[in-house]
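Dumped my_file21.cif below, it's mmCIF, C-alpha atoms:
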```cif
data_input
loop_
_atom_site.label_atom_id
_atom_site.label_comp_id
_atom_site.auth_asym_id
_atom_site.auth_seq_id
_atom_site.Cartn_x
_atom_site.Cartn_y
_atom_site.Cartn_z
CA MET A 1 -2.31 -4.05 22.73
CA LEU A 2 0.97 -4.82 20.98
CA THR A 3 2.13 -8.33 20.05
CA THR A 4 5.36 -9.30 18.30
CA GLU A 5 5.65 -12.64 16.54
CA THR A 6 8.55 -14.47 14.90
CA ILE A 7 8.24 -16.06 11.46
CA LYS A 8 10.74 -18.38 9.81
CA THR A 9 10.79 -18.26 6.03
CA ARG A 10 12.24 -21.04 3.89
CA SER A 11 12.85 -19.48 0.44
CA ARG A 12 14.14 -16.24 -1.06
CA ASN A 13 10.57 -15.39 -2.12
CA GLU A 14 7.73 -16.82 -0.06
CA TRP A 15 4.28 -15.69 1.06
CA VAL A 16 3.48 -16.99 4.56
CA ASP A 17 -0.15 -16.92 5.74
CA ILE A 18 -0.16 -15.07 9.11
CA THR A 19 -3.94 -14.68 9.50
CA ALA A 20 -4.08 -17.07 12.49
CA LEU A 21 -1.39 -15.06 14.31
CA VAL A 22 -3.32 -11.83 13.78
CA GLU A 23 -6.61 -13.44 14.85
CA ALA A 24 -4.97 -14.76 18.04
CA ALA A 25 -3.67 -11.28 18.89
CA VAL A 26 -7.15 -9.80 18.38
CA VAL A 27 -8.77 -12.47 20.60
CA LYS A 28 -6.11 -11.95 23.30
CA SER A 29 -6.73 -8.17 23.28
CA GLY A 30 -10.42 -8.67 24.08
CA ILE A 31 -11.25 -5.83 21.68
CA LYS A 32 -14.53 -6.46 19.85
CA ASP A 33 -14.68 -3.47 17.48
CA GLY A 34 -11.74 -1.52 16.19
CA ILE A 35 -8.80 -1.95 13.87
CA VAL A 36 -5.59 -3.96 13.85
CA VAL A 37 -2.35 -2.76 12.26
CA VAL A 38 -0.02 -5.53 11.01
CA PHE A 39 3.48 -4.13 10.53
CA CYS A 40 6.64 -5.59 8.97
CA PRO A 41 9.82 -4.05 10.48
CA HIS A 42 12.03 -5.27 7.60
CA THR A 43 12.96 -3.47 4.37
CA THR A 44 13.15 -6.57 2.16
CA ALA A 45 9.75 -8.02 3.08
CA GLY A 46 6.16 -6.76 3.34
CA ILE A 47 2.56 -7.42 4.35
CA SER A 48 -0.20 -8.10 1.81
CA ILE A 49 -3.71 -9.47 1.66
CA ASN A 50 -4.58 -11.99 -1.04
CA GLU A 51 -6.23 -15.33 -1.80
CA ASN A 52 -5.74 -18.24 0.57
CA ALA A 53 -7.62 -21.01 -1.24
CA ASP A 54 -5.35 -21.92 -4.15
CA PRO A 55 -1.57 -22.12 -3.51
CA THR A 56 -0.91 -21.34 -7.18
CA VAL A 57 -1.96 -17.72 -6.51
CA PRO A 58 0.97 -16.70 -4.24
CA ARG A 59 3.25 -18.75 -6.53
CA ASP A 60 2.07 -16.85 -9.62
CA LEU A 61 2.44 -13.50 -7.80
CA THR A 62 5.95 -14.37 -6.68
CA ARG A 63 7.06 -15.46 -10.14
CA LYS A 64 5.52 -12.52 -12.02
CA MET A 65 6.99 -10.00 -9.54
CA SER A 66 10.45 -11.55 -9.99
CA GLU A 67 10.07 -11.41 -13.76
CA LEU A 68 9.25 -7.66 -13.59
CA ILE A 69 11.88 -6.96 -10.93
CA PRO A 70 14.74 -9.43 -11.44
CA GLN A 71 17.32 -10.09 -8.73
CA HIS A 72 20.24 -9.41 -11.06
CA ASP A 73 19.97 -6.15 -12.95
CA ASP A 74 21.75 -2.84 -13.29
CA TYR A 75 21.65 -2.03 -9.55
CA ASP A 76 24.20 -0.01 -7.52
CA HIS A 77 23.37 -1.43 -4.07
CA SER A 78 26.14 -3.89 -3.29
CA GLU A 79 24.14 -6.35 -1.18
CA GLY A 80 22.43 -7.84 -4.23
CA ASN A 81 18.92 -7.36 -2.92
CA SER A 82 17.68 -4.14 -4.51
CA ASP A 83 14.91 -6.23 -6.08
CA SER A 84 13.75 -7.20 -2.55
CA HIS A 85 13.70 -3.56 -1.43
CA LEU A 86 11.60 -2.50 -4.42
CA LYS A 87 9.12 -5.37 -3.96
CA SER A 88 8.84 -4.32 -0.30
CA SER A 89 7.86 -0.75 -1.22
CA LEU A 90 5.36 -1.91 -3.86
CA VAL A 91 3.58 -4.43 -1.63
CA GLY A 92 3.90 -2.18 1.42
CA ALA A 93 5.14 -2.63 4.99
CA GLN A 94 1.75 -2.65 6.65
CA GLU A 95 -1.95 -3.51 6.42
CA THR A 96 -4.80 -2.23 8.55
CA VAL A 97 -7.74 -4.61 9.01
CA ILE A 98 -11.13 -3.84 10.57
CA ILE A 99 -12.25 -5.81 13.67
CA SER A 100 -16.00 -6.43 13.94
CA ASN A 101 -17.65 -8.50 16.71
CA GLY A 102 -14.21 -9.68 17.83
CA LYS A 103 -13.29 -11.01 14.37
CA LEU A 104 -11.15 -9.82 11.47
CA LEU A 105 -13.48 -8.40 8.81
CA LEU A 106 -11.78 -10.21 5.90
CA GLY A 107 -13.45 -11.42 2.73
CA THR A 108 -14.14 -15.13 2.28
CA TRP A 109 -10.99 -15.75 0.26
CA GLN A 110 -8.69 -13.26 1.98
CA SER A 111 -5.69 -14.08 4.12
CA ILE A 112 -3.02 -11.78 5.50
CA TYR A 113 0.42 -12.70 4.19
CA PHE A 114 3.95 -11.99 5.34
CA CYS A 115 5.77 -11.53 2.02
CA GLU A 116 9.40 -12.62 2.16
CA PHE A 117 11.50 -11.16 -0.65
CA ASP A 118 15.03 -11.91 0.65
CA GLY A 119 14.85 -15.15 2.63
CA PRO A 120 15.22 -17.62 4.03
CA ARG A 121 15.42 -15.75 7.34
CA SER A 122 13.96 -15.40 10.79
CA ARG A 123 11.62 -12.38 10.70
CA LYS A 124 9.37 -10.44 13.04
CA ILE A 125 5.93 -8.86 12.72
CA HIS A 126 4.24 -6.37 15.02
CA ILE A 127 0.48 -6.54 15.58
CA LYS A 128 -1.21 -3.54 17.20
CA VAL A 129 -4.90 -3.75 18.16
CA VAL A 130 -6.59 -0.33 18.55
CA MET B 1 -3.20 15.50 16.98
CA LEU B 2 -2.76 16.67 13.38
CA THR B 3 0.46 18.21 12.03
CA THR B 4 1.09 19.43 8.49
CA GLU B 5 4.65 19.80 7.21
CA THR B 6 6.12 21.23 4.01
CA ILE B 7 8.77 19.39 2.00
CA LYS B 8 10.80 20.78 -0.88
CA THR B 9 11.92 18.23 -3.44
CA ARG B 10 14.80 18.83 -5.85
CA SER B 11 14.36 16.26 -8.64
CA ARG B 12 11.58 14.71 -10.72
CA ASN B 13 12.05 11.45 -8.78
CA GLU B 14 13.38 11.68 -5.25
CA TRP B 15 12.85 9.82 -1.96
CA VAL B 16 13.08 12.23 1.02
CA ASP B 17 13.55 10.74 4.50
CA ILE B 18 10.77 12.24 6.69
CA THR B 19 11.23 10.01 9.76
CA ALA B 20 12.45 12.92 11.92
CA LEU B 21 9.33 14.98 11.06
CA VAL B 22 7.05 12.09 12.04
CA GLU B 23 9.02 11.45 15.25
CA ALA B 24 8.75 15.14 16.20
CA ALA B 25 4.97 15.07 15.68
CA VAL B 26 4.67 11.98 17.88
CA VAL B 27 6.76 13.58 20.67
CA LYS B 28 4.73 16.81 20.45
CA SER B 29 1.47 14.86 20.77
CA GLY B 30 2.59 13.31 24.07
CA ILE B 31 1.00 10.01 22.99
CA LYS B 32 3.02 7.03 24.26
CA ASP B 33 1.11 4.13 22.71
CA GLY B 34 -0.97 4.28 19.58
CA ILE B 35 -0.58 4.70 15.84
CA VAL B 36 0.45 7.48 13.50
CA VAL B 37 -0.93 7.93 9.98
CA VAL B 38 1.42 9.66 7.51
CA PHE B 39 -0.58 10.92 4.54
CA CYS B 40 0.47 12.42 1.20
CA PRO B 41 -2.23 14.75 -0.23
CA HIS B 42 -0.73 14.69 -3.75
CA THR B 43 -1.55 12.35 -6.64
CA THR B 44 1.96 12.26 -8.15
CA ALA B 45 3.84 11.38 -4.96
CA GLY B 46 3.50 8.85 -2.14
CA ILE B 47 4.68 7.56 1.23
CA SER B 48 6.82 4.45 1.63
CA ILE B 49 9.01 2.73 4.20
CA ASN B 50 12.42 1.43 3.14
CA GLU B 51 16.12 1.29 3.98
CA ASN B 52 17.89 4.38 5.28
CA ALA B 53 21.47 3.15 5.57
CA ASP B 54 22.67 2.98 1.97
CA PRO B 55 21.70 5.82 -0.41
CA THR B 56 22.03 3.42 -3.37
CA VAL B 57 18.77 1.75 -2.26
CA PRO B 58 16.36 4.66 -2.97
CA ARG B 59 18.39 5.37 -6.14
CA ASP B 60 17.98 1.78 -7.37
CA LEU B 61 14.25 1.84 -6.54
CA THR B 62 13.78 5.11 -8.40
CA ARG B 63 15.63 3.91 -11.48
CA LYS B 64 13.96 0.50 -11.67
CA MET B 65 10.49 2.04 -11.21
CA SER B 66 11.18 4.50 -14.04
CA GLU B 67 12.37 1.67 -16.27
CA LEU B 68 9.11 -0.26 -15.66
CA ILE B 69 6.93 2.86 -15.89
CA PRO B 70 8.63 5.30 -18.28
CA GLN B 71 7.69 8.97 -18.38
CA HIS B 72 7.09 8.91 -22.12
CA ASP B 73 4.82 6.14 -23.29
CA ASP B 74 1.47 5.63 -24.96
CA TYR B 75 -0.47 7.76 -22.42
CA ASP B 76 -3.62 9.85 -23.05
CA HIS B 77 -3.25 12.24 -20.08
CA SER B 78 -1.97 15.51 -21.54
CA GLU B 79 0.08 16.70 -18.57
CA GLY B 80 2.88 14.23 -19.29
CA ASN B 81 2.90 12.73 -15.79
CA SER B 82 0.81 9.57 -16.05
CA ASP B 83 3.92 7.67 -14.94
CA SER B 84 3.94 9.72 -11.71
CA HIS B 85 0.25 8.94 -11.06
CA LEU B 86 0.83 5.20 -11.51
CA LYS B 87 3.89 5.18 -9.25
CA SER B 88 1.81 7.03 -6.65
CA SER B 89 -0.89 4.33 -6.65
CA LEU B 90 1.67 1.51 -6.50
CA VAL B 91 3.69 2.95 -3.61
CA GLY B 92 0.54 4.27 -1.90
CA ALA B 93 -0.55 7.60 -0.44
CA GLN B 94 -0.21 6.64 3.20
CA GLU B 95 1.57 4.55 5.81
CA THR B 96 0.41 3.71 9.35
CA VAL B 97 3.18 3.19 11.91
CA ILE B 98 2.83 1.83 15.46
CA ILE B 99 3.87 4.03 18.43
CA SER B 100 5.30 2.16 21.44
CA ASN B 101 6.69 3.85 24.57
CA GLY B 102 6.54 7.21 22.80
CA LYS B 103 8.63 6.01 19.85
CA LEU B 104 7.98 4.88 16.28
CA LEU B 105 8.14 1.08 16.20
CA LEU B 106 10.31 0.93 13.07
CA GLY B 107 12.88 -1.74 12.24
CA THR B 108 16.60 -0.93 12.59
CA TRP B 109 17.03 -0.09 8.90
CA GLN B 110 13.61 1.45 8.26
CA SER B 111 12.90 5.08 7.46
CA ILE B 112 9.67 6.70 6.31
CA TYR B 113 10.07 8.32 2.89
CA PHE B 114 8.16 10.97 1.00
CA CYS B 115 8.36 9.67 -2.57
CA GLU B 116 8.40 12.46 -5.15
CA PHE B 117 7.47 11.25 -8.63
CA ASP B 118 6.84 14.60 -10.38
CA GLY B 119 9.19 17.15 -8.83
CA PRO B 120 10.88 19.35 -8.09
CA ARG B 121 8.04 20.93 -6.11
CA SER B 122 6.94 22.20 -2.74
CA ARG B 123 4.82 19.45 -1.16
CA LYS B 124 2.83 18.83 2.03
CA ILE B 125 2.39 15.85 4.31
CA HIS B 126 -0.21 15.32 7.03
CA ILE B 127 0.71 13.45 10.21
CA LYS B 128 -2.13 12.26 12.45
CA VAL B 129 -1.32 10.73 15.86
CA VAL B 130 -4.12 8.55 17.27
CA MET C 1 -18.86 3.01 13.15
CA LEU C 2 -18.87 0.39 10.39
CA THR C 3 -20.64 0.83 7.04
CA THR C 4 -20.75 -1.65 4.16
CA GLU C 5 -21.56 -0.47 0.65
CA THR C 6 -22.18 -2.30 -2.61
CA ILE C 7 -20.52 -1.25 -5.87
CA LYS C 8 -21.35 -2.50 -9.34
CA THR C 9 -18.47 -2.48 -11.80
CA ARG C 10 -18.93 -2.59 -15.56
CA SER C 11 -15.57 -3.67 -17.01
CA ARG C 12 -12.77 -6.14 -16.26
CA ASN C 13 -10.55 -3.19 -15.22
CA GLU C 14 -12.27 -0.09 -13.86
CA TRP C 15 -11.53 2.54 -11.22
CA VAL C 16 -14.75 3.69 -9.50
CA ASP C 17 -14.67 6.93 -7.48
CA ILE C 18 -16.05 6.07 -4.01
CA THR C 19 -15.15 9.33 -2.22
CA ALA C 20 -18.81 10.33 -1.80
CA LEU C 21 -19.63 6.98 -0.13
CA VAL C 22 -16.74 7.42 2.33
CA GLU C 23 -17.71 11.05 3.02
CA ALA C 24 -21.31 10.00 3.73
CA ALA C 25 -20.13 7.36 6.21
CA VAL C 26 -17.97 9.93 8.00
CA VAL C 27 -20.87 12.41 8.23
CA LYS C 28 -23.22 9.68 9.51
CA SER C 29 -20.71 8.70 12.22
CA GLY C 30 -20.69 12.22 13.63
CA ILE C 31 -16.93 11.91 14.20
CA LYS C 32 -15.14 15.22 13.63
CA ASP C 33 -11.50 14.21 14.12
CA GLY C 34 -10.08 10.76 13.60
CA ILE C 35 -9.34 8.33 10.80
CA VAL C 36 -11.37 6.25 8.38
CA VAL C 37 -10.26 2.86 7.06
CA VAL C 38 -11.63 1.93 3.61
CA PHE C 39 -11.28 -1.81 3.08
CA CYS C 40 -11.82 -4.03 0.02
CA PRO C 41 -12.79 -7.60 1.02
CA HIS C 42 -11.95 -9.02 -2.44
CA THR C 43 -8.66 -10.51 -3.69
CA THR C 44 -8.98 -9.32 -7.29
CA ALA C 45 -9.70 -5.65 -6.54
CA GLY C 46 -8.22 -2.94 -4.33
CA ILE C 47 -8.46 0.59 -2.94
CA SER C 48 -6.29 3.46 -4.16
CA ILE C 49 -6.15 7.24 -4.03
CA ASN C 50 -5.46 9.16 -7.22
CA GLU C 51 -6.54 12.05 -9.42
CA ASN C 52 -10.22 12.74 -9.97
CA ALA C 53 -10.10 15.64 -12.42
CA ASP C 54 -9.07 14.05 -15.71
CA PRO C 55 -10.63 10.69 -16.66
CA THR C 56 -7.57 9.90 -18.79
CA VAL C 57 -5.56 9.32 -15.57
CA PRO C 58 -7.38 6.16 -14.35
CA ARG C 59 -7.49 5.00 -17.99
CA ASP C 60 -3.72 5.41 -18.37
CA LEU C 61 -3.12 3.64 -15.05
CA THR C 62 -5.36 0.75 -16.04
CA ARG C 63 -3.71 0.31 -19.42
CA LYS C 64 -0.13 0.57 -18.20
CA MET C 65 -0.80 -1.90 -15.36
CA SER C 66 -2.29 -4.39 -17.83
CA GLU C 67 0.72 -3.98 -20.10
CA LEU C 68 3.10 -4.79 -17.21
CA ILE C 69 0.89 -7.57 -15.84
CA PRO C 70 -0.97 -9.13 -18.79
CA GLN C 71 -4.05 -11.31 -18.27
CA HIS C 72 -2.62 -14.15 -20.31
CA ASP C 73 0.86 -15.19 -19.29
CA ASP C 74 2.70 -18.17 -17.88
CA TYR C 75 0.42 -18.53 -14.82
CA ASP C 76 -0.47 -21.75 -12.94
CA HIS C 77 -3.72 -20.53 -11.33
CA SER C 78 -6.52 -22.06 -13.36
CA GLU C 79 -9.11 -19.31 -12.97
CA GLY C 80 -7.32 -17.02 -15.45
CA ASN C 81 -7.12 -14.07 -13.09
CA SER C 82 -3.63 -14.22 -11.60
CA ASP C 83 -3.04 -10.78 -13.12
CA SER C 84 -5.99 -9.45 -11.06
CA HIS C 85 -4.57 -10.96 -7.86
CA LEU C 86 -1.16 -9.37 -8.43
CA LYS C 87 -2.65 -5.95 -9.23
CA SER C 88 -4.67 -6.24 -6.00
CA SER C 89 -1.53 -6.79 -3.90
CA LEU C 90 0.35 -3.95 -5.61
CA VAL C 91 -2.43 -1.36 -5.24
CA GLY C 92 -3.40 -2.69 -1.81
CA ALA C 93 -6.64 -3.76 -0.14
CA GLN C 94 -7.04 -0.72 2.06
CA GLU C 95 -6.46 3.00 2.55
CA THR C 96 -6.56 4.99 5.78
CA VAL C 97 -7.63 8.63 5.45
CA ILE C 98 -7.46 11.36 8.12
CA ILE C 99 -10.71 13.09 9.22
CA SER C 100 -10.34 16.75 10.21
CA ASN C 101 -13.28 19.01 11.19
CA GLY C 102 -15.71 16.34 10.03
CA LYS C 103 -14.18 16.16 6.54
CA LEU C 104 -11.81 13.83 4.70
CA LEU C 105 -8.37 15.45 4.65
CA LEU C 106 -7.74 14.73 0.95
CA GLY C 107 -5.69 16.85 -1.42
CA THR C 108 -7.47 19.05 -3.98
CA TRP C 109 -7.14 16.50 -6.78
CA GLN C 110 -7.47 13.32 -4.71
CA SER C 111 -10.33 10.85 -4.84
CA ILE C 112 -10.61 7.43 -3.25
CA TYR C 113 -11.06 4.71 -5.87
CA PHE C 114 -12.37 1.17 -5.80
CA CYS C 115 -10.06 -0.56 -8.28
CA GLU C 116 -11.75 -3.41 -10.12
CA PHE C 117 -9.28 -5.83 -11.70
CA ASP C 118 -11.61 -8.77 -12.49
CA GLY C 119 -15.01 -7.35 -13.30
CA PRO C 120 -17.68 -6.72 -14.14
CA ARG C 121 -19.05 -7.79 -10.76
CA SER C 122 -21.05 -6.71 -7.75
CA ARG C 123 -18.54 -5.83 -5.02
CA LYS C 124 -18.53 -4.66 -1.41
CA ILE C 125 -16.45 -2.17 0.55
CA HIS C 126 -16.21 -1.74 4.31
CA ILE C 127 -15.79 1.74 5.81
CA LYS C 128 -14.70 1.98 9.45
CA VAL C 129 -14.65 5.40 11.17
CA VAL C 130 -12.40 5.50 14.26
#
```
Could you quickly redo this structure as structure tokens?
Amino acid sequence: MLTTETIKTRSRNEWVDITALVEAAVVKSGIKDGIVVVFCPHTTAGISINENADPTVPRDLTRKMSELIPQHDDYDHSEGNSDSHLKSSLVGAQETVIISNGKLLLGTWQSIYFCEFDGPRSRKIHIKVV
Amino acid sequence: MLTTETIKTRSRNEWVDITALVEAAVVKSGIKDGIVVVFCPHTTAGISINENADPTVPRDLTRKMSELIPQHDDYDHSEGNSDSHLKSSLVGAQETVIISNGKLLLGTWQSIYFCEFDGPRSRKIHIKVV
Amino acid sequence: MLTTETIKTRSRNEWVDITALVEAAVVKSGIKDGIVVVFCPHTTAGISINENADPTVPRDLTRKMSELIPQHDDYDHSEGNSDSHLKSSLVGAQETVIISNGKLLLGTWQSIYFCEFDGPRSRKIHIKVV
């Protein structure tokens, strides 16, 4: 079953917790054991799994990534977002999560994040339960 | 269905658009809804999804990655390609893409790239439609 | 079929070859053609595929990553492991590998690694054969 959801981001760099959206898609599918593919159809954003407990974690990740890959640098691409494209390829466009007994098999501290690298924008994610 | 394709790269660092090869494998499989796993069996290359419209994007990504991870550095590995191995692990060996109505569910600007980090070489990719 | 395995790491940064554990899970499942998802349920570790032949490769990767993303930096997260969280998101929490004729379709030099970025610890991995 395929679900598409819309996400509104509020900053140029922002990690949005989308675990509840993925869980809802899994519940709706009725599938108890399998996998779910979470896919970002944008080239200046990505999907990642990281800690959900302390908001300083996504903030530290965001800041350190921007220090390594600054927005303004010796880039040729004229849209001024080559940094966003590189972050997208490093974090990756997709995550596959295991479903067990109807639930996402995530670790205690894990959430699935939509990683915005060129916001604020309205974005989409695709969720495929297999 | 499993398909293996050969790719010839022409530079040490080069992103080759392989979307058409993956699309052809999906069409050949006859599968209308599912997922496709694109896998790179090499340890100095990878698979990534990024923009296909402006050729400056893969060029900027390549250059910035090589600036962060230079070829010549304080490495122990005697083959002189530790940079290629690290880039491979950061970009990743594989991408999973959703198939919907017989088509790859990619965003408007997305292509699937074979990322060469130690070319030029003859390389293989495996495409598994599920 | 779902298998969970325990791994003991011995250093803060360490790449542990887990290919044999994944192979054993595939054999036990009896599945000859399909995919296997290897998932790390921790937010300061990851899963990656890289070279298994020369131990200097994981050592070089570990050192270069720590040079780019140092443990001590201008981080807000009070646990002192923001570097580990960022490495986890860059390497990724999961890899999907193709199964062909009952075997992992890996390249000659490829192994699957559990990447410890905040050890030493006792860790878990989940292996789902589809």
One-decimal distance in Å that lies between atom CA of B:Ile18 and atom CA of B:Thr44: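 Atom CA of B:Ile18 lies at a distance of 17.3 Å from atom CA of B:Thr44.
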Check: which chain B residues lie within 7 Å of chain A using all atoms listed in the file, as a PDB file with C-alpha atoms, in the coordinates of the input:
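What follows is the written file out02.pdb:
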```pdb
ATOM      1  CA  SER B  48       6.820   4.450   1.630  1.00  0.00           C
ATOM      2  CA  ILE B  49       9.010   2.730   4.200  1.00  0.00           C
ATOM      3  CA  ASN B  50      12.420   1.430   3.140  1.00  0.00           C
ATOM      4  CA  GLU B  51      16.120   1.290   3.980  1.00  0.00           C
ATOM      5  CA  THR B  56      22.030   3.420  -3.370  1.00  0.00           C
ATOM      6  CA  VAL B  57      18.770   1.750  -2.260  1.00  0.00           C
ATOM      7  CA  ASP B  60      17.980   1.780  -7.370  1.00  0.00           C
ATOM      8  CA  LEU B  61      14.250   1.840  -6.540  1.00  0.00           C
ATOM      9  CA  LEU B  90       1.670   1.510  -6.500  1.00  0.00           C
ATOM     10  CA  VAL B  91       3.690   2.950  -3.610  1.00  0.00           C
ATOM     11  CA  ILE B  98       2.830   1.830  15.460  1.00  0.00           C
ATOM     12  CA  LEU B 106      10.310   0.930  13.070  1.00  0.00           C
ATOM     13  CA  GLY B 107      12.880  -1.740  12.240  1.00  0.00           C
ATOM     14  CA  TRP B 109      17.030  -0.090   8.900  1.00  0.00           C
ATOM     15  CA  GLN B 110      13.610   1.450   8.260  1.00  0.00           C
TER      16      GLN B 110
END
```
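Taking all atoms listed in the file into account, B:Thr108 lies nearest to B:Asn52 out of the set B:Ser29, B:Asn52, B:Thr4, B:Thr9.
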Let me know the residues the PyMOL selection byres ((chain C and resi 6) around 6) catches in the file above, as a CSV table (one decimal) with C-alpha atoms, in the frame of the given file.
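The resulting file, out.csv, is reproduced below:
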```csv
chain,number,residue,atom,x,y,z
C,5,GLU,CA,-21.6,-0.5,0.6
C,7,ILE,CA,-20.5,-1.2,-5.9
C,123,ARG,CA,-18.5,-5.8,-5.0
C,124,LYS,CA,-18.5,-4.7,-1.4
```
Interatomic distance, atom CA of A:Pro120 to atom CA of A:Leu21 (Å, one decimal):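 Straight-line distance from atom CA of A:Pro120 to atom CA of A:Leu21 works out to 19.7 Å.
For the atom pair formed by atom CA of A:Glu23 and atom CA of A:Leu104, the distance is 6.7 Å, given to one decimal.
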Residue by residue, what does the PyMOL selection byres ((chain C and resi 103) around 12) grab here? Present the result as a PyMOL selection string. chain C and resi 19-20+22-36+97-102+104-107+129
Residues within 7 Å of (8.8, -14.9, 5.9), counting all atoms listed in the file, listed as a short mmCIF file (atom, residue, chain, number, x, y, z; two decimals) with C-alpha atoms, keeping the file's coordinate frame:
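And here is the file that came out, result.cif:
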```cif
data_model
loop_
_atom_site.label_atom_id
_atom_site.label_comp_id
_atom_site.auth_asym_id
_atom_site.auth_seq_id
_atom_site.Cartn_x
_atom_site.Cartn_y
_atom_site.Cartn_z
CA ILE A 7 8.24 -16.06 11.46
CA LYS A 8 10.74 -18.38 9.81
CA THR A 9 10.79 -18.26 6.03
CA GLU A 14 7.73 -16.82 -0.06
CA TRP A 15 4.28 -15.69 1.06
CA VAL A 16 3.48 -16.99 4.56
CA PHE A 114 3.95 -11.99 5.34
CA CYS A 115 5.77 -11.53 2.02
CA GLU A 116 9.40 -12.62 2.16
CA GLY A 119 14.85 -15.15 2.63
CA ARG A 121 15.42 -15.75 7.34
CA ARG A 123 11.62 -12.38 10.70
#
```
C:Asp54 proximity check over C:Gly80, C:Arg10, C:Thr3, C:Ser111, using only C-alpha atoms: winner is C:Ser111
Could I see stretch 25-41 of chain A restored to N, CA and C atoms, set down as a PDB file, keeping the file's coordinate frame?
```
ATOM      1  N   ALA A  25      -3.980 -12.541  18.211  1.00  0.00           N
ATOM      2  CA  ALA A  25      -3.670 -11.280  18.890  1.00  0.00           C
ATOM      3  C   ALA A  25      -4.945 -10.483  19.156  1.00  0.00           C
ATOM      4  N   VAL A  26      -5.876 -10.519  18.208  1.00  0.00           N
ATOM      5  CA  VAL A  26      -7.150  -9.800  18.380  1.00  0.00           C
ATOM      6  C   VAL A  26      -7.960 -10.442  19.518  1.00  0.00           C
ATOM      7  N   VAL A  27      -8.037 -11.764  19.541  1.00  0.00           N
ATOM      8  CA  VAL A  27      -8.770 -12.470  20.600  1.00  0.00           C
ATOM      9  C   VAL A  27      -8.154 -12.131  21.968  1.00  0.00           C
ATOM     10  N   LYS A  28      -6.819 -12.205  22.044  1.00  0.00           N
ATOM     11  CA  LYS A  28      -6.110 -11.950  23.300  1.00  0.00           C
ATOM     12  C   LYS A  28      -6.363 -10.523  23.809  1.00  0.00           C
ATOM     13  N   SER A  29      -6.524  -9.574  22.883  1.00  0.00           N
ATOM     14  CA  SER A  29      -6.730  -8.170  23.280  1.00  0.00           C
ATOM     15  C   SER A  29      -8.102  -7.947  23.895  1.00  0.00           C
ATOM     16  N   GLY A  30      -9.059  -8.846  23.588  1.00  0.00           N
ATOM     17  CA  GLY A  30     -10.420  -8.670  24.080  1.00  0.00           C
ATOM     18  C   GLY A  30     -11.197  -7.567  23.379  1.00  0.00           C
ATOM     19  N   ILE A  31     -10.585  -6.937  22.378  1.00  0.00           N
ATOM     20  CA  ILE A  31     -11.250  -5.830  21.680  1.00  0.00           C
ATOM     21  C   ILE A  31     -12.224  -6.395  20.638  1.00  0.00           C
ATOM     22  N   LYS A  32     -13.468  -5.914  20.697  1.00  0.00           N
ATOM     23  CA  LYS A  32     -14.530  -6.460  19.850  1.00  0.00           C
ATOM     24  C   LYS A  32     -14.719  -5.653  18.571  1.00  0.00           C
ATOM     25  N   ASP A  33     -14.502  -4.342  18.647  1.00  0.00           N
ATOM     26  CA  ASP A  33     -14.680  -3.470  17.480  1.00  0.00           C
ATOM     27  C   ASP A  33     -13.551  -2.468  17.430  1.00  0.00           C
ATOM     28  N   GLY A  34     -12.870  -2.426  16.313  1.00  0.00           N
ATOM     29  CA  GLY A  34     -11.740  -1.520  16.190  1.00  0.00           C
ATOM     30  C   GLY A  34     -10.963  -1.832  14.933  1.00  0.00           C
ATOM     31  N   ILE A  35      -9.665  -1.621  14.997  1.00  0.00           N
ATOM     32  CA  ILE A  35      -8.800  -1.950  13.870  1.00  0.00           C
ATOM     33  C   ILE A  35      -7.538  -2.629  14.397  1.00  0.00           C
ATOM     34  N   VAL A  36      -6.875  -3.343  13.496  1.00  0.00           N
ATOM     35  CA  VAL A  36      -5.590  -3.960  13.850  1.00  0.00           C
ATOM     36  C   VAL A  36      -4.591  -3.602  12.746  1.00  0.00           C
ATOM     37  N   VAL A  37      -3.422  -3.118  13.182  1.00  0.00           N
ATOM     38  CA  VAL A  37      -2.350  -2.760  12.260  1.00  0.00           C
ATOM     39  C   VAL A  37      -1.308  -3.882  12.291  1.00  0.00           C
ATOM     40  N   VAL A  38      -1.035  -4.474  11.123  1.00  0.00           N
ATOM     41  CA  VAL A  38      -0.020  -5.530  11.010  1.00  0.00           C
ATOM     42  C   VAL A  38       1.181  -4.915  10.312  1.00  0.00           C
ATOM     43  N   PHE A  39       2.328  -4.902  10.998  1.00  0.00           N
ATOM     44  CA  PHE A  39       3.480  -4.130  10.530  1.00  0.00           C
ATOM     45  C   PHE A  39       4.712  -5.011  10.382  1.00  0.00           C
ATOM     46  N   CYS A  40       5.395  -4.862   9.261  1.00  0.00           N
ATOM     47  CA  CYS A  40       6.640  -5.590   8.970  1.00  0.00           C
ATOM     48  C   CYS A  40       7.830  -4.666   9.200  1.00  0.00           C
ATOM     49  N   PRO A  41       8.704  -4.959  10.192  1.00  0.00           N
ATOM     50  CA  PRO A  41       9.820  -4.050  10.480  1.00  0.00           C
ATOM     51  C   PRO A  41      11.066  -4.312   9.632  1.00  0.00           C
TER      52      PRO A  41
END
```
